[in-house]
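Text of input-v1.cif (mmCIF, C-alpha atoms) as supplied:
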```cif
data_protein
loop_
_atom_site.label_atom_id
_atom_site.label_comp_id
_atom_site.auth_asym_id
_atom_site.auth_seq_id
_atom_site.Cartn_x
_atom_site.Cartn_y
_atom_site.Cartn_z
CA MET A 1 24.26 25.63 -75.01
CA ILE A 2 27.92 26.11 -74.16
CA SER A 3 29.87 22.86 -74.13
CA SER A 4 33.15 22.10 -72.38
CA LYS A 5 34.58 21.42 -75.83
CA ASP A 6 33.93 25.02 -76.96
CA THR A 7 36.82 27.46 -77.04
CA VAL A 8 36.59 30.58 -74.88
CA LYS A 9 35.77 32.57 -78.02
CA ASP A 10 32.97 30.16 -79.00
CA ALA A 11 31.56 30.27 -75.49
CA LEU A 12 31.58 34.08 -75.45
CA LEU A 13 29.94 34.31 -78.84
CA LYS A 14 27.26 31.80 -77.82
CA ALA A 15 26.58 33.87 -74.71
CA LYS A 16 26.41 37.00 -76.88
CA SER A 17 23.88 35.40 -79.21
CA LYS A 18 21.66 34.55 -76.22
CA ARG A 19 22.13 38.07 -74.73
CA VAL A 20 23.63 36.59 -71.59
CA TYR A 21 26.27 38.93 -70.17
CA ILE A 22 28.99 37.75 -67.81
CA GLU A 23 29.62 39.97 -64.85
CA GLY A 24 31.85 40.50 -61.86
CA ASN A 25 35.63 40.41 -61.67
CA PHE A 26 35.74 37.43 -64.06
CA VAL A 27 35.27 39.91 -66.95
CA LYS A 28 38.50 41.62 -65.86
CA LEU A 29 40.38 38.36 -66.20
CA LEU A 30 39.64 38.10 -69.91
CA ALA A 31 42.44 39.60 -72.00
CA ASP A 32 41.82 42.15 -74.74
CA THR A 33 41.21 40.64 -78.11
CA SER A 34 41.43 41.82 -81.72
CA ASP A 35 38.22 39.98 -82.61
CA LYS A 36 35.62 42.68 -83.14
CA ASN A 37 32.64 40.54 -82.10
CA VAL A 38 34.27 39.31 -78.90
CA ARG A 39 35.56 42.81 -78.04
CA GLU A 40 32.10 44.31 -78.51
CA TYR A 41 30.62 41.63 -76.30
CA LEU A 42 33.24 42.11 -73.54
CA ASP A 43 32.81 45.90 -73.69
CA GLU A 44 29.06 45.44 -73.30
CA CYS A 45 29.64 43.06 -70.35
CA LYS A 46 31.92 45.58 -68.66
CA ARG A 47 29.45 48.42 -69.29
CA LYS A 48 26.55 46.43 -67.85
CA ASP A 49 28.65 45.25 -64.91
CA GLN A 50 29.67 48.83 -64.07
CA GLU A 51 26.06 49.97 -64.37
CA ASN A 52 24.82 47.19 -62.07
CA ARG A 53 27.59 47.82 -59.55
CA LYS A 54 26.73 51.53 -59.53
CA LYS A 55 23.06 50.79 -58.93
CA ARG A 56 23.81 48.25 -56.21
CA LEU A 57 26.30 50.57 -54.56
CA ALA A 58 23.76 53.41 -54.51
CA VAL A 59 21.08 51.13 -53.02
CA THR A 60 23.49 49.66 -50.45
CA LYS A 61 24.65 53.13 -49.43
CA GLN A 62 21.03 54.24 -49.09
CA ILE A 63 20.24 51.24 -46.87
CA GLN A 64 23.40 51.83 -44.89
CA LYS A 65 22.38 55.46 -44.35
CA GLN A 66 18.87 54.46 -43.29
CA ASN A 67 20.30 51.88 -40.91
CA LYS A 68 22.52 54.52 -39.34
CA GLU A 69 19.55 56.87 -38.96
CA LEU A 70 17.51 54.09 -37.39
CA GLU A 71 20.33 53.24 -35.00
CA GLU A 72 20.65 56.91 -34.02
CA ALA A 73 16.87 57.18 -33.56
CA ALA A 74 16.94 54.03 -31.41
CA VAL A 75 19.62 55.59 -29.21
CA ILE A 76 17.57 58.80 -28.86
CA ASN A 77 14.45 56.75 -28.07
CA LYS A 78 16.34 54.76 -25.46
CA ASP A 79 17.57 57.98 -23.84
CA LEU A 80 14.06 59.45 -23.87
CA LEU A 81 12.65 56.28 -22.35
CA SER A 82 15.30 56.31 -19.67
CA ASP A 83 14.53 59.99 -18.92
CA LEU A 84 10.84 59.18 -18.74
CA GLU A 85 11.47 56.31 -16.34
CA ASN A 86 13.61 58.57 -14.14
CA LYS A 87 10.90 61.24 -14.12
CA MET A 88 8.28 58.63 -13.26
CA GLU A 89 10.42 57.41 -10.37
CA GLU A 90 10.91 61.00 -9.16
CA LEU A 91 7.15 61.59 -9.45
CA GLU A 92 6.45 58.41 -7.51
CA ALA A 93 8.91 59.46 -4.78
CA SER A 94 7.30 62.94 -4.60
CA LYS A 95 3.87 61.34 -4.38
CA ARG A 96 5.00 59.08 -1.53
CA GLU A 97 6.57 62.07 0.25
CA ALA A 98 3.39 64.13 -0.18
CA GLU A 99 1.29 61.24 1.13
CA GLY A 100 3.59 60.92 4.14
CA LEU A 101 3.29 64.65 4.87
CA ARG A 102 -0.48 64.49 4.45
CA ASP A 103 -0.74 61.55 6.90
CA GLU A 104 1.49 63.38 9.35
CA ALA A 105 -0.63 66.56 9.06
CA LEU A 106 -3.84 64.57 9.54
CA ASN A 107 -2.36 62.87 12.58
CA ASP A 108 -1.27 66.23 14.04
CA LEU A 109 -4.73 67.67 13.39
CA GLU A 110 -6.37 64.73 15.12
CA VAL A 111 -4.07 65.07 18.13
CA MET A 112 -4.75 68.79 18.31
CA GLN A 113 -8.49 68.23 18.10
CA LYS A 114 -8.34 65.63 20.86
CA LYS A 115 -6.18 67.88 22.99
CA THR A 116 -8.59 70.80 22.53
CA GLN A 117 -11.54 68.52 23.32
CA PHE A 118 -9.86 67.21 26.46
CA GLU A 119 -8.91 70.74 27.55
CA LEU A 120 -12.51 71.86 27.06
CA ILE A 121 -13.83 68.86 29.02
CA SER A 122 -11.32 69.58 31.75
CA ILE A 123 -12.48 73.23 32.01
CA ILE A 124 -16.15 72.18 32.05
CA VAL A 125 -15.50 69.50 34.69
CA LYS A 126 -13.46 71.88 36.84
CA LEU A 127 -16.18 74.52 36.53
CA ALA A 128 -18.89 71.98 37.41
CA LEU A 129 -16.86 70.79 40.41
CA GLY A 130 -16.43 74.39 41.52
CA VAL A 131 -20.18 75.03 41.21
CA ILE A 132 -21.03 71.83 43.15
CA ALA A 133 -18.43 72.59 45.84
CA GLY A 134 -19.69 76.20 46.04
CA VAL A 135 -23.31 75.05 46.45
CA GLY A 136 -22.21 72.46 49.06
CA ILE A 137 -20.24 75.04 51.04
CA LEU A 138 -23.08 77.57 50.81
CA THR A 139 -25.69 75.01 51.97
CA THR A 140 -23.43 73.85 54.82
CA VAL A 141 -22.82 77.42 55.92
CA LEU A 142 -26.58 78.09 55.77
CA TYR A 143 -27.33 74.88 57.74
CA LEU A 144 -24.76 75.77 60.44
CA TYR A 145 -26.22 79.28 60.68
CA ILE A 146 -29.76 77.92 61.13
CA LEU A 147 -28.57 75.42 63.75
CA SER A 148 -26.75 78.10 65.68
CA SER A 149 -29.59 80.60 65.39
CA GLY A 150 -32.26 78.07 66.60
CA LEU A 151 -34.58 78.53 63.61
CA ASP A 152 -36.65 75.70 62.08
CA SER A 153 -34.08 73.46 60.36
CA LYS A 154 -36.30 70.69 59.01
CA ILE A 155 -36.22 71.76 55.38
CA ILE A 156 -32.57 72.70 55.40
CA GLU A 157 -31.66 69.37 57.02
CA THR A 158 -33.32 67.39 54.20
CA THR A 159 -31.86 69.71 51.56
CA TRP A 160 -28.35 69.50 53.03
CA SER A 161 -28.57 65.70 53.31
CA ASN A 162 -29.74 65.28 49.71
CA LEU A 163 -27.29 67.83 48.46
CA PHE A 164 -24.36 66.20 50.29
CA GLY A 165 -25.27 62.83 48.79
CA ILE A 166 -25.41 64.31 45.34
CA LEU A 167 -22.19 66.21 46.01
CA LEU A 168 -20.30 63.09 47.03
CA THR A 169 -21.60 61.09 44.10
CA ASN A 170 -20.87 63.82 41.57
CA SER A 171 -17.52 64.62 43.12
CA PHE A 172 -16.28 61.07 42.64
CA SER A 173 -17.65 61.08 39.13
CA ILE A 174 -15.98 64.39 38.30
CA VAL A 175 -12.66 63.41 39.94
CA GLY A 176 -12.76 60.20 37.88
CA THR A 177 -13.41 62.17 34.70
CA ILE A 178 -10.57 64.59 35.47
CA MET A 179 -8.16 61.72 36.07
CA GLY A 180 -9.26 60.15 32.79
CA VAL A 181 -8.83 63.38 30.88
CA LYS A 182 -5.38 63.97 32.42
CA TYR A 183 -4.26 60.44 31.57
CA ALA A 184 -5.46 60.72 27.97
CA THR A 185 -3.88 64.18 27.48
CA GLU A 186 -0.54 63.10 28.90
CA LYS A 187 -0.53 60.02 26.62
CA ASP A 188 -1.09 62.09 23.44
CA MET B 1 45.37 46.07 -59.68
CA ILE B 2 45.61 44.26 -56.33
CA ASP B 3 45.02 40.53 -56.89
CA THR B 4 43.76 39.56 -53.44
CA LEU B 5 42.35 41.87 -50.84
CA MET B 6 40.85 41.12 -47.43
CA LEU B 7 38.38 43.26 -45.48
CA ILE B 8 37.78 42.59 -41.77
CA ASP B 9 34.69 44.51 -40.67
CA ASP B 10 31.66 43.58 -38.56
CA GLU B 11 29.24 45.59 -40.72
CA ASN B 12 27.99 43.32 -43.51
CA LEU B 13 26.45 46.19 -45.46
CA PHE B 14 29.85 47.82 -45.63
CA HIS B 15 31.22 44.60 -47.19
CA LEU B 16 28.88 45.17 -50.14
CA VAL B 17 29.77 48.85 -50.42
CA PHE B 18 33.48 48.09 -50.24
CA GLU B 19 33.35 45.21 -52.74
CA ASP B 20 31.33 47.20 -55.27
CA ALA B 21 33.48 50.32 -54.88
CA CYS B 22 36.70 48.30 -55.29
CA SER B 23 35.33 46.51 -58.32
CA MET B 24 34.09 49.71 -59.96
CA LEU B 25 37.42 51.45 -59.39
CA ASP B 26 39.40 48.40 -60.58
CA ILE B 27 41.23 48.29 -57.26
CA ALA B 28 41.11 44.56 -56.60
CA LEU B 29 40.38 41.39 -58.51
CA SER B 30 39.39 39.21 -55.59
CA ILE B 31 38.00 40.44 -52.29
CA GLU B 32 37.38 38.35 -49.21
CA SER B 33 35.25 39.99 -46.53
CA LEU B 34 35.25 38.67 -42.97
CA ASP B 35 33.06 39.93 -40.14
CA SER B 36 35.25 39.00 -37.19
CA SER B 37 38.89 39.29 -36.22
CA ASP B 38 38.76 35.77 -34.74
CA GLU B 39 38.00 34.36 -38.19
CA ALA B 40 40.83 36.41 -39.70
CA ASP B 41 43.16 35.25 -36.94
CA LYS B 42 42.39 31.59 -37.74
CA LYS B 43 43.14 32.18 -41.44
CA PHE B 44 46.42 33.99 -40.80
CA LYS B 45 47.43 31.28 -38.34
CA SER B 46 46.81 28.62 -41.01
CA TRP B 47 48.92 30.58 -43.53
CA PHE B 48 51.86 30.98 -41.17
CA PRO B 49 54.65 30.05 -41.70
CA ASP B 50 54.24 27.58 -44.58
CA ASN B 51 51.46 28.91 -46.82
CA GLY B 52 52.46 32.56 -47.11
CA GLU B 53 51.46 32.66 -50.79
CA ASP B 54 47.80 32.12 -49.83
CA ARG B 55 47.60 35.23 -47.71
CA PRO B 56 45.99 38.35 -49.26
CA GLN B 57 48.22 41.04 -50.72
CA CYS B 58 46.39 43.78 -48.86
CA VAL B 59 44.30 43.83 -45.66
CA PHE B 60 41.80 46.47 -44.51
CA VAL B 61 40.83 46.18 -40.85
CA ASP B 62 38.00 47.98 -39.09
CA LEU B 63 38.96 49.66 -35.80
CA ASN B 64 36.09 48.37 -33.67
CA ILE B 65 35.03 44.90 -34.73
CA ILE B 66 31.93 44.22 -32.62
CA GLY B 67 31.61 40.62 -31.42
CA SER B 68 35.31 39.86 -31.91
CA SER B 69 38.04 39.06 -29.42
CA TYR B 70 40.43 41.68 -30.82
CA ASP B 71 39.98 45.19 -32.14
CA GLY B 72 41.59 46.32 -35.40
CA ILE B 73 44.79 47.54 -33.78
CA GLU B 74 45.39 44.24 -31.96
CA MET B 75 44.60 42.37 -35.20
CA ILE B 76 47.24 44.36 -37.08
CA ARG B 77 49.75 43.77 -34.27
CA LYS B 78 49.11 40.01 -34.45
CA ILE B 79 49.43 39.88 -38.25
CA ASN B 80 52.64 41.94 -38.19
CA GLU B 81 54.30 40.39 -35.17
CA ASP B 82 52.88 36.88 -34.78
CA TYR B 83 52.16 35.93 -38.40
CA GLY B 84 55.14 37.50 -40.17
CA ASN B 85 53.42 40.45 -41.91
CA GLY B 86 53.87 39.91 -45.68
CA CYS B 87 50.99 42.15 -46.76
CA VAL B 88 50.00 45.78 -47.01
CA ILE B 89 47.85 46.43 -43.96
CA GLY B 90 45.89 49.35 -42.53
CA ILE B 91 42.76 50.55 -40.79
CA ILE B 92 39.43 51.50 -42.32
CA SER B 93 37.22 53.21 -39.75
CA SER B 94 34.71 56.00 -39.27
CA SER B 95 36.82 57.18 -36.33
CA SER B 96 39.50 59.84 -36.73
CA ASP B 97 40.67 59.73 -33.13
CA GLN B 98 44.30 60.85 -33.12
CA ALA B 99 45.21 58.65 -30.14
CA GLU B 100 43.93 55.56 -31.97
CA ILE B 101 45.74 56.61 -35.16
CA GLU B 102 48.99 56.83 -33.19
CA LYS B 103 48.37 53.38 -31.68
CA ALA B 104 47.78 51.93 -35.15
CA LYS B 105 51.01 53.49 -36.42
CA LYS B 106 52.93 51.95 -33.52
CA VAL B 107 51.74 48.42 -34.33
CA GLY B 108 52.71 48.80 -37.99
CA ALA B 109 49.56 49.98 -39.80
CA GLN B 110 50.58 51.62 -43.10
CA PHE B 111 47.45 53.69 -43.69
CA TRP B 112 44.19 54.83 -42.09
CA ILE B 113 41.14 55.35 -44.31
CA ILE B 114 38.23 57.24 -42.79
CA LYS B 115 34.91 55.66 -43.72
CA SER B 116 32.14 57.93 -44.91
CA ASP B 117 29.23 57.87 -47.34
CA ASP B 118 31.61 58.85 -50.10
CA ILE B 119 34.37 56.25 -49.75
CA GLU B 120 35.35 55.99 -53.44
CA PRO B 121 37.69 59.05 -53.69
CA ARG B 122 39.68 57.79 -50.69
CA LEU B 123 39.96 54.29 -52.12
CA GLU B 124 41.07 55.76 -55.43
CA GLU B 125 43.75 57.84 -53.70
CA PHE B 126 44.87 54.77 -51.74
CA HIS B 127 45.08 52.77 -54.97
CA LYS B 128 47.41 55.39 -56.48
CA ASP B 129 49.70 55.11 -53.42
CA TYR B 130 49.48 51.32 -53.21
CA GLU B 131 52.83 50.45 -54.84
CA GLY B 132 54.57 52.67 -52.30
CA TYR B 133 53.04 50.61 -49.49
CA VAL B 134 54.14 47.36 -51.13
CA ASP B 135 57.78 48.43 -51.32
CA LYS B 136 57.46 50.21 -47.93
CA THR B 137 58.59 53.57 -49.32
CA ASN B 138 55.36 55.38 -48.47
CA PRO B 139 55.05 56.83 -44.99
CA PHE B 140 51.93 56.24 -42.88
CA LYS B 141 49.03 58.23 -44.33
CA VAL B 142 45.52 59.14 -43.20
CA TYR B 143 42.96 59.36 -46.03
CA ARG B 144 40.36 61.91 -44.92
#
```

Transcribe the structure of this file into C-alpha cells.
Amino acid sequence: MISSKDTVKDALLKAKSKRVYIEGNFVKLLADTSDKNVREYLDECKRKDQENRKKRLAVTKQIQKQNKELEEAAVINKDLLSDLENKMEELEASKREAEGLRDEALNDLEVMQKKTQFELISIIVKLALGVIAGVGILTTVLYLYILSSGLDSKIIETTWSNLFGILLTNSFSIVGTIMGVKYATEKD
Amino acid sequence: MIDTLMLIDDENLFHLVFEDACSMLDIALSIESLDSSDEADKKFKSWFPDNGEDRPQCVFVDLNIIGSSYDGIEMIRKINEDYGNGCVIGIISSSSDQAEIEKAKKVGAQFWIIKSDDIEPRLEEFHKDYEGYVDKTNPFKVYR
C-alpha cells in the first residue's frame, strides 16, 4: 500500500506494480521525469486517460444526440396531439350542428304534416257541411213545395223534422271542429 | 493551458462533453461546471472585490440558461460591469442569431462558440487564440 511517508516516485512505482493507473487532470500536473520507469508509467496513464475520455465523450455525445431526437419527437408528438384535439373539437362542433339541423328539419316536417292534416280535415269538414246544408235546403224546399201544393205531407214532415234535428246537431259539431282546426293551424 | 475554466450551462450532458473535450485537447486543467446563472452570480459576488484571485481565468456562458434568472448575455454584462471583469469571457450556444451575437458583443463578450456535435475543432481553434483574449488584442470572434 502507498504510505504518506512514500515519495511521489515511490507512490507512482507502487501504483505501477499494482497496475493501478491514475487518471484525470492530476496526471497533467506531474512534471516530466528522466526516470524511465516513472516516465513509462505516466505515459501509460496518459494513454489510458485519453482512451477513456474518448470513449466517454463518444458515449456522452451519443446520449446527447438521442436526447435531442427524443425532445424533437416529443415536440412533434405534442403538435400532433394538439392537432388531433382540434380536429376532435371541430368534429364535435360539426356533429352538434348536424344534430341541430336534423332536429330543425324533423320539427319542420312535423309542422308540415300537421298543417296538411288540418287542411285536409278542414276541406272534409267544409265539404260535409256543404252536403248537410244542401240536403237541408233541398228537403226544406221539397217540404214547402208539398205544403203549397196540398199533397200528403206526413212523410216529408217527419223526414224534415228528423233531418233538421240532425242538421242542427251536426252543424254545431262541424262548426266546432272548424274552429278547432283554425285555432290549431294558426298556432303552428 | 488555462488553469481554471468555468462553464455555465443548464444542460448537464453538455458539461460532460465539454469537460472531456477540454481535457483531451489539453485546454484546461480545472473545469467548474454550473447549471444556473444564479449560482454563478453568487460565486462572482463572493469573489468581488476582495477575492479576485479565486475567480476562473476563462468563462463560457450558454445563451439560454433554462431555469435561471438571467440569460447568458445578462450574465456576461453582470460579470463585466458589476463584478469587475478580470477573466476571458464569451458565449457557447447552439444559436447563431446575429442579433444575439451583436448584443453579446455590446456587453463585452470576447467570443461566441457555436455548439454542435463536433465541438472539438472549435475549442481547439479557441485555445490557439486564447492568449489574444487574455491581453485583449484579439477582436470578437465567432467560431462556426

Checklist entry - Do you know which residues are at most 12 Å from stretch 156-173 of chain A counting only C-alpha atoms, after dropping those on the same chain fewer than 4 positions away, and could you put them as a count of residues only? => result 29

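For the pair atom CA of B:Ile8 and atom CA of B:Tyr130, the interatomic distance is 18.5 Å.
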
Can you work out which residues from chain B touch chain A at a cut-off of 8 Å (counting only C-alpha atoms) and hand them back as a short mmCIF file (atom, residue, chain, number, x, y, z; two decimals) with C-alpha atoms, keeping the file's coordinate frame?
```cif
data_model
loop_
_atom_site.label_atom_id
_atom_site.label_comp_id
_atom_site.auth_asym_id
_atom_site.auth_seq_id
_atom_site.Cartn_x
_atom_site.Cartn_y
_atom_site.Cartn_z
CA LEU B 13 26.45 46.19 -45.46
CA PHE B 14 29.85 47.82 -45.63
CA LEU B 16 28.88 45.17 -50.14
CA VAL B 17 29.77 48.85 -50.42
CA ASP B 20 31.33 47.20 -55.27
CA ALA B 21 33.48 50.32 -54.88
CA SER B 23 35.33 46.51 -58.32
CA MET B 24 34.09 49.71 -59.96
CA LEU B 29 40.38 41.39 -58.51
CA SER B 30 39.39 39.21 -55.59
CA ASP B 117 29.23 57.87 -47.34
#
```

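Among the candidates B:Val134, B:Glu102, B:Ser69, B:Asp97, the residue lying nearest to B:Lys42 is B:Ser69 (atoms considered: all atoms listed in the file).
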
Item to check | atom CA of A:Ala105 to atom CA of A:Gln117, distance in Å rounded to a single decimal | outcome: 18.1 Å

Next on the checklist: Can you spell out as a PyMOL selection string the set of residues that the PyMOL selection byres ((chain B and resi 33-38) around 9) selects in the structure I just provided?
Outcome noted: chain B and resi 5-12+15-16+19+31-32+39-43+61+65-72+75

Checklist entry - Which polymer residues have any atom within 12 Å of an atom of B:Asp129, counting only C-alpha atoms, with same-chain residues fewer than 6 positions away left out, as a ChimeraX atom specification? => result /B:1-2,27,88,110-111,122-123,135-143

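Taking atom CA of B:Asp54 and atom CA of B:Gly84 as endpoints, the distance between them is 13.3 Å.
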
Stretch 94-113 of chain A, all listed atoms, 8 Å padding on each side: what axis-aligned box centre and edge lengths in Å to one decimal come out, as AutoDock Vina command-line options?
```
--center_x -0.6 --center_y 63.9 --center_z 6.9 --size_x 31.8 --size_y 25.7 --size_z 38.9
```

Item to check | Selection: 8 Å around B:Gly86, only C-alpha atoms, excl. self and same-chain fewer than 4 positions, as a ChimeraX atom specification | outcome: /B:52,57,80

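The point (-9.9, 62.6, 27.6) has these residues within 12 Å of it when only C-alpha atoms are used: Val111, Gln113, Lys114, Lys115, Thr116, Gln117, Phe118, Glu119, Leu120, Ile121, Ser122, Ile123, Val125, Gly176, Thr177, Ile178, Met179, Gly180, Val181, Lys182, Tyr183, Ala184, Thr185, Glu186, Lys187 and Asp188 of chain A.
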
C-alpha atoms of the current selection, written as a PDB file, in the frame of the given file:
```pdb
ATOM      1  CA  VAL A 111      -4.070  65.070  18.130  1.00  0.00           C
ATOM      2  CA  GLN A 113      -8.490  68.230  18.100  1.00  0.00           C
ATOM      3  CA  LYS A 114      -8.340  65.630  20.860  1.00  0.00           C
ATOM      4  CA  LYS A 115      -6.180  67.880  22.990  1.00  0.00           C
ATOM      5  CA  THR A 116      -8.590  70.800  22.530  1.00  0.00           C
ATOM      6  CA  GLN A 117     -11.540  68.520  23.320  1.00  0.00           C
ATOM      7  CA  PHE A 118      -9.860  67.210  26.460  1.00  0.00           C
ATOM      8  CA  GLU A 119      -8.910  70.740  27.550  1.00  0.00           C
ATOM      9  CA  LEU A 120     -12.510  71.860  27.060  1.00  0.00           C
ATOM     10  CA  ILE A 121     -13.830  68.860  29.020  1.00  0.00           C
ATOM     11  CA  SER A 122     -11.320  69.580  31.750  1.00  0.00           C
ATOM     12  CA  ILE A 123     -12.480  73.230  32.010  1.00  0.00           C
ATOM     13  CA  VAL A 125     -15.500  69.500  34.690  1.00  0.00           C
ATOM     14  CA  GLY A 176     -12.760  60.200  37.880  1.00  0.00           C
ATOM     15  CA  THR A 177     -13.410  62.170  34.700  1.00  0.00           C
ATOM     16  CA  ILE A 178     -10.570  64.590  35.470  1.00  0.00           C
ATOM     17  CA  MET A 179      -8.160  61.720  36.070  1.00  0.00           C
ATOM     18  CA  GLY A 180      -9.260  60.150  32.790  1.00  0.00           C
ATOM     19  CA  VAL A 181      -8.830  63.380  30.880  1.00  0.00           C
ATOM     20  CA  LYS A 182      -5.380  63.970  32.420  1.00  0.00           C
ATOM     21  CA  TYR A 183      -4.260  60.440  31.570  1.00  0.00           C
ATOM     22  CA  ALA A 184      -5.460  60.720  27.970  1.00  0.00           C
ATOM     23  CA  THR A 185      -3.880  64.180  27.480  1.00  0.00           C
ATOM     24  CA  GLU A 186      -0.540  63.100  28.900  1.00  0.00           C
ATOM     25  CA  LYS A 187      -0.530  60.020  26.620  1.00  0.00           C
ATOM     26  CA  ASP A 188      -1.090  62.090  23.440  1.00  0.00           C
TER      27      ASP A 188
END
```

Next on the checklist: the PyMOL selection byres ((chain B and resi 76) around 9) - which residues does that actually catch in the file I just gave you? List them as a PyMOL selection string.
Outcome noted: chain B and resi 61+71-75+77-81+85+89-91+104+107-109

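Each of B:Asn64, B:Thr4, B:Ser94, B:Ser46 was checked against B:Asp82 using all atoms listed in the file; the smallest atom-to-atom distance is that of B:Ser46.
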
Next on the checklist: Once the PyMOL selection byres ((chain B and resi 92) around 7) has been evaluated on this model, what residues remain selected, and can you format them as a PyMOL selection string?
Outcome noted: chain B and resi 60-63+90-91+93+112-115
